[in-house]
Amino acid sequence: MYLVYQPEGQAEATRWTYNPRRMMSAEREWIERRTERTWSEFTKDVVQGSSLCRRALLYVFLKREHPTIRWDDVDFAWDELKLEYTKAELVEIRSTVAESATGEEREMILAKLDGEIAEAYEDPEEQGKAQPPVVD
């Protein structure tokens, strides 16, 4: 999964690989304190669209590049920050839907996923690797 940030006026988006299993303990602990959620709750809330959780995640990634940045410096419009699945993750989701969905709904969902798979960004280093975005 990728965290993609493109503030207004920035020509190219900044893209970070977001793998909850690869976040450092100090970062996870800071996020837990700031959001008042356990790591598992946080990872679920990021995917479900919690603004606070996405802001905390953006802060951590920005802090890695700009160590002096403060929490209050991180502010974004909703359309400037998004999560994107990798191609491998979308293929895995499609496989699950193909097995579980039925009827007309199934065909619509599969067609939508096929379009997303065709457009998905794939980091050559991550090619073929898919892990669920939520930590248990």
# chains A, B, ... in the order shown; residues from 1 in each chain; ligands from 1
>>> residues_around(residues="A:Thr14", least_positions_apart="6", cutoff="8 Å", atoms="only C-alpha atoms", output="list in words")
Val4, Tyr5 and Gln6 of chain A
>>> write_last_selection(atoms="N, CA, C and O atoms", output="PDB file, in the first residue's frame")
ATOM      1  N   VAL A   4       0.067   8.500  -0.569  1.00  0.00           N
ATOM      2  CA  VAL A   4       0.384   9.419  -1.656  1.00  0.00           C
ATOM      3  C   VAL A   4      -0.053  10.820  -1.244  1.00  0.00           C
ATOM      4  O   VAL A   4      -1.224  11.046  -0.920  1.00  0.00           O
ATOM      5  N   TYR A   5       0.901  11.742  -1.261  1.00  0.00           N
ATOM      6  CA  TYR A   5       0.657  13.118  -0.819  1.00  0.00           C
ATOM      7  C   TYR A   5       1.017  14.072  -1.945  1.00  0.00           C
ATOM      8  O   TYR A   5       2.149  14.076  -2.435  1.00  0.00           O
ATOM      9  N   GLN A   6       0.034  14.880  -2.347  1.00  0.00           N
ATOM     10  CA  GLN A   6       0.274  15.882  -3.371  1.00  0.00           C
ATOM     11  C   GLN A   6      -0.448  17.167  -2.996  1.00  0.00           C
ATOM     12  O   GLN A   6      -1.582  17.401  -3.384  1.00  0.00           O
TER      13      GLN A   6
END
>>> select_by_dssp(residues="stretch 11-129 of chain A", states="alpha helix (DSSP H)", output="number ranges by chain")
A: 25-35, 39-48, 51-65, 87-100, 103-119
>>> residues_around(residues="A:Lys87", least_positions_apart="5", cutoff="6 Å", atoms="only C-alpha atoms", output="list in words")
Ile117, Ala120 and Glu122 of chain A
>>> residues_around(residues="A:Tyr59", least_positions_apart="3", cutoff="8 Å", atoms="only C-alpha atoms", output="list in words")
Arg55, Ala56, Leu62, Lys63, Trp71 and Val74 of chain A
>>> write_last_selection(atoms="N, CA, C and O atoms", output="PDB file, in the first residue's frame")
ATOM      1  N   ARG A  55      -3.470  11.777   9.201  1.00  0.00           N
ATOM      2  CA  ARG A  55      -2.577  12.893   9.518  1.00  0.00           C
ATOM      3  C   ARG A  55      -1.368  12.393  10.299  1.00  0.00           C
ATOM      4  O   ARG A  55      -0.230  12.807  10.048  1.00  0.00           O
ATOM      5  N   ALA A  56      -1.596  11.522  11.270  1.00  0.00           N
ATOM      6  CA  ALA A  56      -0.486  10.973  12.059  1.00  0.00           C
ATOM      7  C   ALA A  56       0.471  10.187  11.170  1.00  0.00           C
ATOM      8  O   ALA A  56       1.700  10.293  11.308  1.00  0.00           O
ATOM      9  N   LEU A  62       6.644  12.404   6.846  1.00  0.00           N
ATOM     10  CA  LEU A  62       7.299  13.707   6.656  1.00  0.00           C
ATOM     11  C   LEU A  62       8.441  13.903   7.649  1.00  0.00           C
ATOM     12  O   LEU A  62       9.485  14.466   7.313  1.00  0.00           O
ATOM     13  N   LYS A  63       8.241  13.445   8.882  1.00  0.00           N
ATOM     14  CA  LYS A  63       9.257  13.584   9.934  1.00  0.00           C
ATOM     15  C   LYS A  63      10.540  12.842   9.554  1.00  0.00           C
ATOM     16  O   LYS A  63      11.646  13.293   9.881  1.00  0.00           O
ATOM     17  N   TRP A  71       3.994  18.677  14.600  1.00  0.00           N
ATOM     18  CA  TRP A  71       2.643  18.167  14.366  1.00  0.00           C
ATOM     19  C   TRP A  71       1.743  19.255  13.792  1.00  0.00           C
ATOM     20  O   TRP A  71       0.997  19.018  12.841  1.00  0.00           O
ATOM     21  N   VAL A  74       1.568  19.953  10.017  1.00  0.00           N
ATOM     22  CA  VAL A  74       0.978  18.978   9.099  1.00  0.00           C
ATOM     23  C   VAL A  74      -0.524  19.222   8.997  1.00  0.00           C
ATOM     24  O   VAL A  74      -1.283  18.980   9.939  1.00  0.00           O
TER      25      VAL A  74
END
>>> select_by_dssp(residues="stretch 9-118 of chain A", states="strand (DSSP E)", output="ChimeraX atom specification")
/A:14-17,81-84
>>> atom_distance(atom1="atom CA of A:Arg37", atom2="atom CA of A:Tyr2")
21.3 Å
>>> residues_around(residues="A:Arg15", least_positions_apart="2", cutoff="12 Å", atoms="only C-alpha atoms", output="list in words")
Met1, Tyr2, Leu3, Val4, Tyr5, Gln6, Glu12, Ala13, Thr17, Tyr18, Leu58, Phe61, Leu62, Glu80, Leu81, Lys82, Leu83, Glu84, Tyr85, Thr86, Tyr121, Glu122 and Asp123 of chain A
>>> residues_around(residues="A:Thr35", least_positions_apart="5", cutoff="9 Å", atoms="only C-alpha atoms", output="ChimeraX atom specification")
/A:30,42,52-53,56
